[in-house]
$ cat structure_2.tsv   # TSV, C-alpha atoms and all ligand atoms
chain	number	residue	atom	x	y	z
A	14	MET	CA	0.00	0.00	0.00
A	15	SER	CA	1.39	3.46	-0.91
A	16	ARG	CA	-1.10	5.92	0.55
A	17	PHE	CA	1.63	8.52	0.99
A	18	ALA	CA	3.72	8.03	-2.16
A	19	GLY	CA	5.90	11.10	-2.76
A	20	ARG	CA	4.40	13.01	0.19
A	21	HIS	CA	6.67	15.03	2.47
A	22	VAL	CA	6.23	13.95	6.10
A	23	LEU	CA	8.02	15.91	8.84
A	24	VAL	CA	8.23	14.32	12.29
A	25	SER	CA	9.56	16.27	15.29
A	26	GLY	CA	11.05	13.98	17.92
A	27	GLY	CA	10.83	11.12	15.43
A	28	THR	CA	14.03	9.37	16.41
A	29	SER	CA	12.80	6.82	18.94
A	30	GLY	CA	9.73	5.10	20.37
A	31	ILE	CA	6.26	5.95	19.17
A	32	ASN	CA	7.23	8.81	16.84
A	33	LEU	CA	9.88	6.71	15.09
A	34	GLY	CA	7.22	4.00	14.66
A	35	VAL	CA	4.96	6.61	13.05
A	36	ALA	CA	7.83	7.72	10.78
A	37	ARG	CA	8.43	4.07	9.80
A	38	MET	CA	4.78	3.63	8.80
A	39	PHE	CA	4.95	6.69	6.52
A	40	ALA	CA	8.28	5.48	5.07
A	41	ARG	CA	6.78	2.04	4.31
A	42	GLU	CA	3.86	3.75	2.58
A	43	GLY	CA	6.02	5.74	0.18
A	44	ALA	CA	6.61	9.07	1.96
A	45	LYS	CA	9.78	11.16	2.06
A	46	VAL	CA	10.49	11.59	5.76
A	47	PHE	CA	12.39	14.36	7.54
A	48	THR	CA	12.91	14.09	11.29
A	49	PHE	CA	14.74	15.96	14.01
A	50	SER	CA	15.56	15.69	17.71
A	51	ARG	CA	18.32	16.66	20.15
A	52	SER	CA	20.70	13.73	19.76
A	53	ALA	CA	22.82	13.57	16.60
A	54	GLU	CA	23.35	9.82	17.14
A	55	LYS	CA	19.61	9.15	17.36
A	56	VAL	CA	18.94	11.29	14.26
A	57	GLU	CA	21.60	9.44	12.29
A	58	ALA	CA	20.30	6.02	13.35
A	59	ALA	CA	16.66	6.92	12.60
A	60	VAL	CA	17.50	8.28	9.14
A	61	ALA	CA	19.48	5.12	8.35
A	62	GLU	CA	16.57	2.96	9.49
A	63	LEU	CA	14.05	4.89	7.36
A	64	ARG	CA	16.35	4.67	4.32
A	65	ALA	CA	16.69	0.93	4.88
A	66	LEU	CA	12.92	0.74	4.42
A	67	GLY	CA	13.41	2.24	0.95
A	68	ALA	CA	12.34	5.78	1.81
A	69	GLN	CA	14.07	9.06	1.06
A	70	ALA	CA	14.93	10.30	4.54
A	71	GLU	CA	16.86	13.22	5.99
A	72	GLY	CA	17.29	14.62	9.47
A	73	ALA	CA	18.60	17.46	11.58
A	74	VAL	CA	19.55	18.15	15.17
A	75	ALA	CA	17.30	20.61	17.01
A	76	ASP	CA	15.76	21.08	20.43
A	77	VAL	CA	12.07	22.02	20.14
A	78	ARG	CA	12.59	24.54	22.97
A	79	ASP	CA	14.85	26.58	20.67
A	80	ALA	CA	12.67	28.48	18.16
A	81	ALA	CA	15.59	29.38	15.90
A	82	ALA	CA	16.89	25.81	15.79
A	83	VAL	CA	13.40	24.50	14.98
A	84	ALA	CA	13.01	27.10	12.21
A	85	GLY	CA	16.37	25.96	10.83
A	86	ALA	CA	15.41	22.28	10.82
A	87	VAL	CA	11.98	22.90	9.31
A	88	GLY	CA	13.46	25.25	6.69
A	89	ARG	CA	15.98	22.56	5.76
A	90	ALA	CA	13.17	19.99	5.43
A	91	ALA	CA	11.27	22.29	3.04
A	92	GLU	CA	14.46	22.93	1.06
A	93	VAL	CA	15.14	19.20	0.65
A	94	PHE	CA	11.63	17.74	0.23
A	95	GLY	CA	9.44	20.76	-0.70
A	96	PRO	CA	6.05	21.71	0.77
A	97	ILE	CA	5.07	19.74	3.86
A	98	ASP	CA	2.10	17.39	3.40
A	99	VAL	CA	2.11	15.89	6.90
A	100	LEU	CA	3.52	17.30	10.14
A	101	ILE	CA	3.71	15.06	13.21
A	102	SER	CA	4.66	16.99	16.36
A	103	GLY	CA	5.75	14.33	18.83
A	104	ALA	CA	8.65	15.54	20.97
A	105	ALA	CA	7.82	15.42	24.70
A	106	GLY	CA	9.41	15.10	28.10
A	107	ASN	CA	8.20	13.25	31.18
A	108	PHE	CA	9.30	12.21	34.63
A	109	VAL	CA	7.26	11.07	37.61
A	110	ALA	CA	7.19	13.34	40.66
A	111	ARG	CA	4.56	14.77	42.95
A	112	ALA	CA	3.75	18.44	42.28
A	113	ARG	CA	5.26	19.39	45.65
A	114	ASP	CA	8.59	17.92	44.47
A	115	ILE	CA	8.72	19.53	41.02
A	116	SER	CA	10.99	22.59	40.87
A	117	SER	CA	10.23	25.60	38.72
A	118	ASN	CA	12.84	24.40	36.26
A	119	GLY	CA	11.40	20.87	36.18
A	120	PHE	CA	7.89	22.13	35.45
A	121	ARG	CA	9.29	24.58	32.89
A	122	ALA	CA	11.26	21.84	31.11
A	123	VAL	CA	8.13	19.80	30.38
A	124	MET	CA	5.96	22.82	29.51
A	125	GLU	CA	8.66	24.11	27.18
A	126	ILE	CA	9.19	20.80	25.40
A	127	ASP	CA	5.51	19.87	25.08
A	128	VAL	CA	3.55	23.14	24.76
A	129	LEU	CA	6.05	25.76	23.61
A	130	GLY	CA	7.78	23.08	21.51
A	131	THR	CA	4.51	22.26	19.73
A	132	HIS	CA	4.02	25.97	19.06
A	133	HIS	CA	7.58	26.32	17.73
A	134	VAL	CA	7.17	23.33	15.42
A	135	THR	CA	3.72	24.21	14.07
A	136	HIS	CA	4.65	27.92	13.81
A	137	ALA	CA	7.84	27.16	11.86
A	138	ALA	CA	6.04	24.68	9.60
A	139	TYR	CA	3.04	26.93	8.85
A	140	PRO	CA	4.50	28.83	5.87
A	141	HIS	CA	5.67	25.54	4.34
A	142	LEU	CA	2.44	23.55	4.75
A	143	ARG	CA	0.79	22.52	1.47
A	144	ARG	CA	-2.48	24.34	0.91
A	145	PRO	CA	-5.00	22.90	0.62
A	146	GLY	CA	-4.42	19.41	1.96
A	147	ALA	CA	-1.72	19.50	4.66
A	148	VAL	CA	-2.41	17.58	7.86
A	149	VAL	CA	-0.91	18.23	11.29
A	150	VAL	CA	-1.00	15.62	14.08
A	151	ASN	CA	0.06	16.59	17.60
A	152	VAL	CA	0.92	13.71	19.93
A	153	SER	CA	-0.99	14.11	23.19
A	154	ALA	CA	-1.43	11.65	26.09
A	155	ALA	CA	-4.11	10.35	28.45
A	156	GLN	CA	-2.78	12.86	31.00
A	157	ALA	CA	-4.54	15.59	28.96
A	158	GLN	CA	-7.89	14.16	30.03
A	159	VAL	CA	-7.38	12.37	33.35
A	160	ALA	CA	-5.53	13.60	36.40
A	161	MET	CA	-2.65	11.31	37.41
A	162	VAL	CA	-0.63	11.37	40.59
A	163	GLY	CA	2.97	12.33	39.77
A	164	GLN	CA	2.01	13.91	36.46
A	165	ALA	CA	0.91	17.50	37.26
A	166	HIS	CA	3.37	18.99	34.77
A	167	VAL	CA	2.50	16.48	32.03
A	168	CYS	CA	-1.27	16.79	32.61
A	169	ALA	CA	-1.01	20.58	32.29
A	170	ALA	CA	1.28	20.34	29.27
A	171	LYS	CA	-0.66	17.78	27.25
A	172	ALA	CA	-3.98	19.55	27.95
A	173	GLY	CA	-2.23	22.63	26.53
A	174	VAL	CA	-1.16	20.68	23.46
A	175	ASP	CA	-4.77	19.63	22.80
A	176	MET	CA	-6.00	23.21	23.09
A	177	LEU	CA	-3.32	24.23	20.58
A	178	THR	CA	-4.67	21.50	18.30
A	179	ARG	CA	-8.20	22.85	18.55
A	180	THR	CA	-7.17	26.48	18.08
A	181	LEU	CA	-4.98	25.72	15.06
A	182	ALA	CA	-7.81	23.67	13.53
A	183	LEU	CA	-10.01	26.74	13.86
A	184	GLU	CA	-7.43	29.15	12.45
A	185	TRP	CA	-6.04	26.98	9.64
A	186	GLY	CA	-9.19	25.13	8.53
A	187	PRO	CA	-10.16	27.85	6.03
A	188	GLU	CA	-6.79	27.29	4.29
A	189	GLY	CA	-7.51	23.57	3.90
A	190	ILE	CA	-5.14	22.48	6.68
A	191	ARG	CA	-6.44	19.89	9.16
A	192	VAL	CA	-5.05	19.64	12.71
A	193	ASN	CA	-5.78	16.76	15.11
A	194	SER	CA	-4.30	15.17	18.24
A	195	VAL	CA	-3.70	11.48	18.80
A	196	LEU	CA	-3.88	10.39	22.41
A	197	PRO	CA	-1.90	7.19	23.00
A	198	GLY	CA	-2.57	5.08	26.08
A	199	PRO	CA	0.12	2.85	27.58
A	200	ILE	CA	2.35	1.74	24.70
A	201	GLY	CA	4.71	-1.18	25.35
A	202	ASP	CA	8.51	-0.99	25.06
A	203	THR	CA	8.69	2.79	25.11
A	204	GLU	CA	10.62	5.31	27.15
A	205	GLY	CA	7.34	6.80	28.36
A	206	MET	CA	6.11	3.51	29.83
A	207	LYS	CA	9.52	2.75	31.35
A	208	ARG	CA	9.13	5.99	33.31
A	209	LEU	CA	5.47	5.46	34.28
A	210	ALA	CA	5.63	1.72	35.09
A	211	PRO	CA	9.28	0.94	35.88
A	212	ASP	CA	8.79	-2.48	37.48
A	213	GLU	CA	6.91	-5.72	36.71
A	214	ALA	CA	4.24	-5.09	39.35
A	215	SER	CA	3.37	-1.60	38.05
A	216	LEU	CA	3.27	-2.90	34.49
A	217	ALA	CA	0.99	-5.82	35.39
A	218	ALA	CA	-1.32	-3.49	37.33
A	219	LYS	CA	-1.41	-1.08	34.41
A	220	ILE	CA	-2.33	-3.86	31.96
A	221	ALA	CA	-5.03	-5.15	34.33
A	222	SER	CA	-6.59	-1.66	34.35
A	223	VAL	CA	-6.83	-1.37	30.55
A	224	PRO	CA	-10.27	-2.49	29.33
A	225	LEU	CA	-8.67	-4.37	26.40
A	226	ARG	CA	-6.18	-5.98	28.86
A	227	ARG	CA	-3.01	-5.35	26.86
A	228	MET	CA	-0.43	-2.68	26.27
A	229	GLY	CA	-0.71	-0.87	22.98
A	230	ALA	CA	1.91	-1.28	20.27
A	231	VAL	CA	3.74	1.54	18.53
A	232	GLU	CA	2.03	0.35	15.35
A	233	ASP	CA	-1.40	1.02	16.89
A	234	VAL	CA	-0.51	4.72	17.10
A	235	ALA	CA	1.09	4.67	13.64
A	236	GLN	CA	-2.11	3.24	12.11
A	237	LEU	CA	-4.24	5.99	13.68
A	238	CYS	CA	-1.84	8.63	12.31
A	239	GLY	CA	-2.01	6.97	8.88
A	240	PHE	CA	-5.81	7.14	8.93
A	241	LEU	CA	-5.90	10.77	10.14
A	242	CYS	CA	-3.45	11.86	7.44
A	243	SER	CA	-5.27	10.01	4.65
A	244	GLU	CA	-8.17	11.09	2.44
A	245	ALA	CA	-10.42	8.81	4.49
A	246	ALA	CA	-10.23	11.42	7.29
A	247	SER	CA	-10.69	14.49	5.06
A	248	TYR	CA	-13.58	15.86	7.19
A	249	ILE	CA	-11.86	15.34	10.55
A	250	THR	CA	-10.17	18.35	12.18
A	251	GLY	CA	-9.79	19.65	15.72
A	252	ALA	CA	-10.33	16.14	17.08
A	253	VAL	CA	-8.47	14.49	19.95
A	254	ILE	CA	-8.57	10.77	19.31
A	255	PRO	CA	-7.49	8.16	21.86
A	256	VAL	CA	-5.68	4.98	20.83
A	257	ASP	CA	-5.54	3.45	24.27
A	258	GLY	CA	-7.55	0.24	24.62
A	259	GLY	CA	-9.97	2.27	26.72
A	260	ALA	CA	-7.28	3.14	29.28
A	261	VAL	CA	-8.49	6.73	29.66
A	262	LEU	CA	-11.68	5.32	31.21
A	263	ASN	CA	-9.69	3.80	34.07
A	264	PRO	CA	-6.46	5.64	34.94
A	265	MET	CA	-5.54	3.49	37.97
A	266	PRO	CA	-4.25	6.15	40.35
A	267	THR	CA	-3.82	3.85	43.34
A	268	ARG	CA	-0.95	1.81	42.01
A	269	MET	CA	0.82	4.99	40.86
A	270	GLU	CA	0.70	6.32	44.40
A	271	ALA	CA	2.19	3.10	45.74
A	272	PHE	CA	5.01	3.32	43.20
A	273	ILE	CA	5.78	6.97	43.91
A	274	ASP	CA	5.66	6.65	47.66
A	275	GLY	CA	7.68	3.41	47.62
B	1	LIG	P1	10.70	8.72	23.48
B	1	LIG	O1	11.18	7.47	22.82
B	1	LIG	O2	11.53	9.32	24.55
B	1	LIG	O3	10.42	9.79	22.33
B	1	LIG	C1	10.61	11.17	22.50
B	1	LIG	C2	11.24	11.70	21.22
B	1	LIG	O4	11.28	13.12	21.30
B	1	LIG	C3	12.67	11.22	21.01
B	1	LIG	O5	12.89	11.09	19.62
B	1	LIG	C4	13.51	12.37	21.57
B	1	LIG	O6	14.78	12.40	20.92
B	1	LIG	C5	12.64	13.56	21.19
B	1	LIG	N1	12.78	14.71	22.08
B	1	LIG	C6	12.67	14.74	23.44
B	1	LIG	N2	12.88	15.98	23.89
B	1	LIG	C7	13.13	16.75	22.80
B	1	LIG	C8	13.43	18.12	22.61
B	1	LIG	N3	13.53	18.96	23.65
B	1	LIG	N4	13.63	18.58	21.34
B	1	LIG	C9	13.54	17.74	20.28
B	1	LIG	N5	13.26	16.43	20.40
B	1	LIG	C10	13.06	15.95	21.64
B	1	LIG	O7	9.25	8.53	24.13
B	1	LIG	P2	7.88	7.80	23.73
B	1	LIG	O8	7.43	7.11	24.96
B	1	LIG	O9	7.97	7.06	22.45
B	1	LIG	O10	6.92	9.08	23.55
B	1	LIG	C11	6.68	9.66	22.27
B	1	LIG	C12	5.44	10.54	22.31
B	1	LIG	O11	4.30	9.76	22.67
B	1	LIG	C13	5.51	11.68	23.32
B	1	LIG	O12	4.82	12.81	22.79
B	1	LIG	C14	4.75	11.12	24.51
B	1	LIG	O13	4.24	12.12	25.35
B	1	LIG	C15	3.65	10.36	23.79
B	1	LIG	N6	3.00	9.31	24.61
B	1	LIG	C16	3.69	8.19	24.96
B	1	LIG	C17	3.06	7.18	25.66
B	1	LIG	C18	3.77	5.90	26.00
B	1	LIG	O14	3.13	4.96	26.48
B	1	LIG	N7	5.05	5.80	25.75
B	1	LIG	C19	1.72	7.34	26.06
B	1	LIG	C20	1.07	8.53	25.72
B	1	LIG	C21	1.72	9.50	24.98
B	1	LIG	P3	16.09	13.10	21.58
B	1	LIG	O15	16.31	12.44	22.90
B	1	LIG	O16	17.17	12.87	20.57
B	1	LIG	O17	15.76	14.55	21.70
B	2	LIG	N1	11.84	14.38	39.57
B	2	LIG	C1	11.83	15.70	39.84
B	2	LIG	N2	12.47	16.61	39.04
B	2	LIG	C2	13.11	16.14	37.96
B	2	LIG	C3	13.15	14.78	37.62
B	2	LIG	C4	12.47	13.87	38.49
B	2	LIG	N3	12.44	12.55	38.24
B	2	LIG	N4	13.88	14.65	36.47
B	2	LIG	C5	14.26	15.88	36.11
B	2	LIG	N5	13.81	16.78	36.99
B	2	LIG	C6	14.08	18.21	37.02
B	2	LIG	C7	15.57	18.47	37.22
B	2	LIG	O1	15.93	18.34	38.59
B	2	LIG	C8	15.69	19.90	36.70
B	2	LIG	O2	15.24	20.83	37.65
B	2	LIG	P1	16.33	21.65	38.60
B	2	LIG	O3	17.23	22.40	37.65
B	2	LIG	O4	15.46	22.53	39.43
B	2	LIG	O5	17.05	20.61	39.39
B	2	LIG	C9	14.67	19.94	35.57
B	2	LIG	O6	13.79	18.82	35.75
B	2	LIG	C10	15.30	19.83	34.22
B	2	LIG	O7	16.09	18.65	34.21
B	2	LIG	P2	17.25	18.43	33.14
B	2	LIG	O8	17.71	17.02	33.25
B	2	LIG	O9	18.25	19.54	33.24
B	2	LIG	O10	16.41	18.72	31.82
B	2	LIG	P3	16.65	18.30	30.36
B	2	LIG	O11	16.21	19.43	29.56
B	2	LIG	O12	18.02	17.76	30.13
B	2	LIG	O13	15.64	17.04	30.16
B	2	LIG	C11	13.58	16.01	30.86
B	2	LIG	C12	14.25	17.20	30.14
B	2	LIG	C13	13.77	16.18	32.37
B	2	LIG	C14	12.09	16.06	30.54
B	2	LIG	C15	14.22	14.66	30.45
B	2	LIG	O14	13.61	13.62	31.16
B	2	LIG	C16	14.13	14.38	28.97
B	2	LIG	O15	14.97	14.82	28.20
B	2	LIG	N6	13.09	13.64	28.51
B	2	LIG	C17	12.90	13.29	27.09
B	2	LIG	C18	12.52	11.85	26.92
B	2	LIG	C19	11.23	11.50	27.60
B	2	LIG	O16	10.84	12.08	28.62
B	2	LIG	N7	10.55	10.51	27.01
B	2	LIG	C20	9.23	10.11	27.45
B	2	LIG	C21	8.21	10.90	26.72
B	2	LIG	S1	6.62	10.49	27.36
$ encode --input "structure_2.tsv" --output "structure tokens"
Amino acid sequence: MSRFAGRHVLVSGGTSGINLGVARMFAREGAKVFTFSRSAEKVEAAVAELRALGAQAEGAVADVRDAAAVAGAVGRAAEVFGPIDVLISGAAGNFVARARDISSNGFRAVMEIDVLGTHHVTHAAYPHLRRPGAVVVNVSAAQAQVAMVGQAHVCAAKAGVDMLTRTLALEWGPEGIRVNSVLPGPIGDTEGMKRLAPDEASLAAKIASVPLRRMGAVEDVAQLCGFLCSEAASYITGAVIPVDGGAVLNPMPTRMEAFIDG
């Protein structure tokens, strides 16, 4: 299947975990993929992996907190692959700590990566987005909708990301640009889940709380992104769509408290 043959897909934070899985899906389906993140080694490895799938792929090093660096990376992507058909904004930061233990700098780090970073990426991409037809997907999280112990900064940040999604959908819809959020639940073998469920007991409890009784796979999120960026979703904008096995219905705060408090 080549739903995205020749399309330019730009993925911020697409060098590991879920976002790299999303980039892989687009590469398999014919897209030219540009990605960037902070680590030169991770960028190099991700680009090599995407090329090994047969895709044209390029990358850059940039921290989403740095507006000028993001503008540089996005400008380079447009120079190499032309107008942007799909933008996935996926860079994020997380650690688990009670609000009383999060310093100003700790809270700022997550707000700056998730919220300001999403603004930097979408703002820099805006002049390069194909009109009509471009699609933006921001990567949110269950924390945007359910309060979780140890996640005050992430809950605030991801709720902010979803409001950016809705506002951009409103502002850019008339130009034929769609903007949606995907909201992954617990996804196995990812950095995010290693931080949220670092031991066997937490992981088992998390799985037991998911209505579908399994962790999600990176590919589950990739398939939702593929749908949202395809013609099949041409009337969907401003939506926040979970891909979580129903996890958002049952956020299991008790076990999290046990894990945080030791
Ligand atoms: P991950 O592997 O750590 O992915 C984060 C990516 O963002 C990496 O490529 C990282 O690369 C990049 N990144 C981090 N900080 C950055 C910065 N300041 N500037 C530029 N790039 C940056 O984590 P993941 O668990 O797959 O999470 C990916 C996304 O899914 C995040 O948006 C997360 O909130 C969301 N999510 C994850 C889960 C889950 O179960 N894992 C659940 C819900 C939502 P560098 O280190 O090279 O910068
Ligand atoms: N508990 C409390 N505070 C913490 C913390 C923890 N577990 N981990 C980091 N912090 C605080 C630091 O103490 C620091 O605050 P301080 O200067 O007041 O001491 C602040 O957060 C910034 O930490 P630092 O390590 O300098 O930031 P960074 O910019 O290098 O990294 C993070 C940002 C902290 C979000 C880091 O975890 C990261 O890079 N994450 C990206 C990958 C990721 O989170 N993947 C999962 C996505 S869901």
$ closest_residue --input "structure_2.tsv" --among "A:Leu225, A:Ala137, A:Ala73, A:Ile115" --to "A:Val60" --atoms "only C-alpha atoms"
A:Ala73
$ atom_distance --input "structure_2.tsv" --atom1 "atom CA of A:His166" --atom2 "atom O11 of ligand LIG 2 (chain B)"
13.9 Å
$ residues_near_ligand --input "structure_2.tsv" --ligand "ligand LIG 2 (chain B)" --cutoff "7 Å" --atoms "all atoms listed in the file" --output "list in words"
Ala105, Gly106, Asn107, Phe108, Val109, Ala110, Asp114, Ile115, Ser116, Ser117, Asn118, Gly119, Phe120, Ala122, Val123, Glu204 and Gly205 of chain A
$ closest_residue --input "structure_2.tsv" --among "A:Thr178, A:Ser194, A:Thr28, A:Ser15" --to "ligand LIG 1 (chain B)" --atoms "all atoms listed in the file"
A:Thr28
$ residues_near_ligand --input "structure_2.tsv" --ligand "ligand LIG 1 (chain B)" --cutoff "6 Å" --atoms "only C-alpha atoms and all ligand atoms" --output "VMD selection string"
chain A and resid 26 to 32 50 to 52 55 75 to 78 103 to 106 126 152 to 154 197 to 200 203 to 206
$ closest_residue --input "structure_2.tsv" --among "A:Gly34, A:Gly189, A:Gly85, A:Gly146" --to "A:Gln236" --atoms "all atoms listed in the file"
A:Gly34
$ closest_residue --input "structure_2.tsv" --among "A:Val128, A:Ala169, A:Ala70, A:Ala58" --to "A:Phe94" --atoms "all atoms listed in the file"
A:Ala70
$ residues_around --input "structure_2.tsv" --residues "A:Thr250" --least-positions-apart "6" --cutoff "7 Å" --atoms "only C-alpha atoms" --output "ChimeraX atom specification"
/A:182,191-193
$ residues_near_point --input "structure_2.tsv" --point "(2.0, 5.8, 4.6)" --cutoff "12 Å" --atoms "all atoms listed in the file" --output "PyMOL selection string"
chain A and resi 14-22+34-46+68+98-99+235-244
$ write_last_selection --input "structure_2.tsv" --atoms "C-alpha atoms" --output "PDB file, keeping the file's coordinate frame"
ATOM      1  CA  MET A  14       0.000   0.000   0.000  1.00  0.00           C
ATOM      2  CA  SER A  15       1.390   3.460  -0.910  1.00  0.00           C
ATOM      3  CA  ARG A  16      -1.100   5.920   0.550  1.00  0.00           C
ATOM      4  CA  PHE A  17       1.630   8.520   0.990  1.00  0.00           C
ATOM      5  CA  ALA A  18       3.720   8.030  -2.160  1.00  0.00           C
ATOM      6  CA  GLY A  19       5.900  11.100  -2.760  1.00  0.00           C
ATOM      7  CA  ARG A  20       4.400  13.010   0.190  1.00  0.00           C
ATOM      8  CA  HIS A  21       6.670  15.030   2.470  1.00  0.00           C
ATOM      9  CA  VAL A  22       6.230  13.950   6.100  1.00  0.00           C
ATOM     10  CA  GLY A  34       7.220   4.000  14.660  1.00  0.00           C
ATOM     11  CA  VAL A  35       4.960   6.610  13.050  1.00  0.00           C
ATOM     12  CA  ALA A  36       7.830   7.720  10.780  1.00  0.00           C
ATOM     13  CA  ARG A  37       8.430   4.070   9.800  1.00  0.00           C
ATOM     14  CA  MET A  38       4.780   3.630   8.800  1.00  0.00           C
ATOM     15  CA  PHE A  39       4.950   6.690   6.520  1.00  0.00           C
ATOM     16  CA  ALA A  40       8.280   5.480   5.070  1.00  0.00           C
ATOM     17  CA  ARG A  41       6.780   2.040   4.310  1.00  0.00           C
ATOM     18  CA  GLU A  42       3.860   3.750   2.580  1.00  0.00           C
ATOM     19  CA  GLY A  43       6.020   5.740   0.180  1.00  0.00           C
ATOM     20  CA  ALA A  44       6.610   9.070   1.960  1.00  0.00           C
ATOM     21  CA  LYS A  45       9.780  11.160   2.060  1.00  0.00           C
ATOM     22  CA  VAL A  46      10.490  11.590   5.760  1.00  0.00           C
ATOM     23  CA  ALA A  68      12.340   5.780   1.810  1.00  0.00           C
ATOM     24  CA  ASP A  98       2.100  17.390   3.400  1.00  0.00           C
ATOM     25  CA  VAL A  99       2.110  15.890   6.900  1.00  0.00           C
ATOM     26  CA  ALA A 235       1.090   4.670  13.640  1.00  0.00           C
ATOM     27  CA  GLN A 236      -2.110   3.240  12.110  1.00  0.00           C
ATOM     28  CA  LEU A 237      -4.240   5.990  13.680  1.00  0.00           C
ATOM     29  CA  CYS A 238      -1.840   8.630  12.310  1.00  0.00           C
ATOM     30  CA  GLY A 239      -2.010   6.970   8.880  1.00  0.00           C
ATOM     31  CA  PHE A 240      -5.810   7.140   8.930  1.00  0.00           C
ATOM     32  CA  LEU A 241      -5.900  10.770  10.140  1.00  0.00           C
ATOM     33  CA  CYS A 242      -3.450  11.860   7.440  1.00  0.00           C
ATOM     34  CA  SER A 243      -5.270  10.010   4.650  1.00  0.00           C
ATOM     35  CA  GLU A 244      -8.170  11.090   2.440  1.00  0.00           C
TER      36      GLU A 244
END
$ closest_residue --input "structure_2.tsv" --among "A:Ala170, A:Gln158, A:Glu92, A:Arg144" --to "A:Gly130" --atoms "only C-alpha atoms"
A:Ala170
$ closest_residue --input "structure_2.tsv" --among "A:Pro264, A:Gly72, A:Gly201, A:Pro140" --to "A:Ala86" --atoms "only C-alpha atoms"
A:Gly72
$ residues_around --input "structure_2.tsv" --residues "A:Ile220" --least-positions-apart "4" --cutoff "10 Å" --atoms "only C-alpha atoms" --output "number ranges by chain"
A: 199, 214-216, 224-229, 258, 260
$ atom_distance --input "structure_2.tsv" --atom1 "atom CA of A:Ile101" --atom2 "atom CA of A:Glu54"
20.7 Å
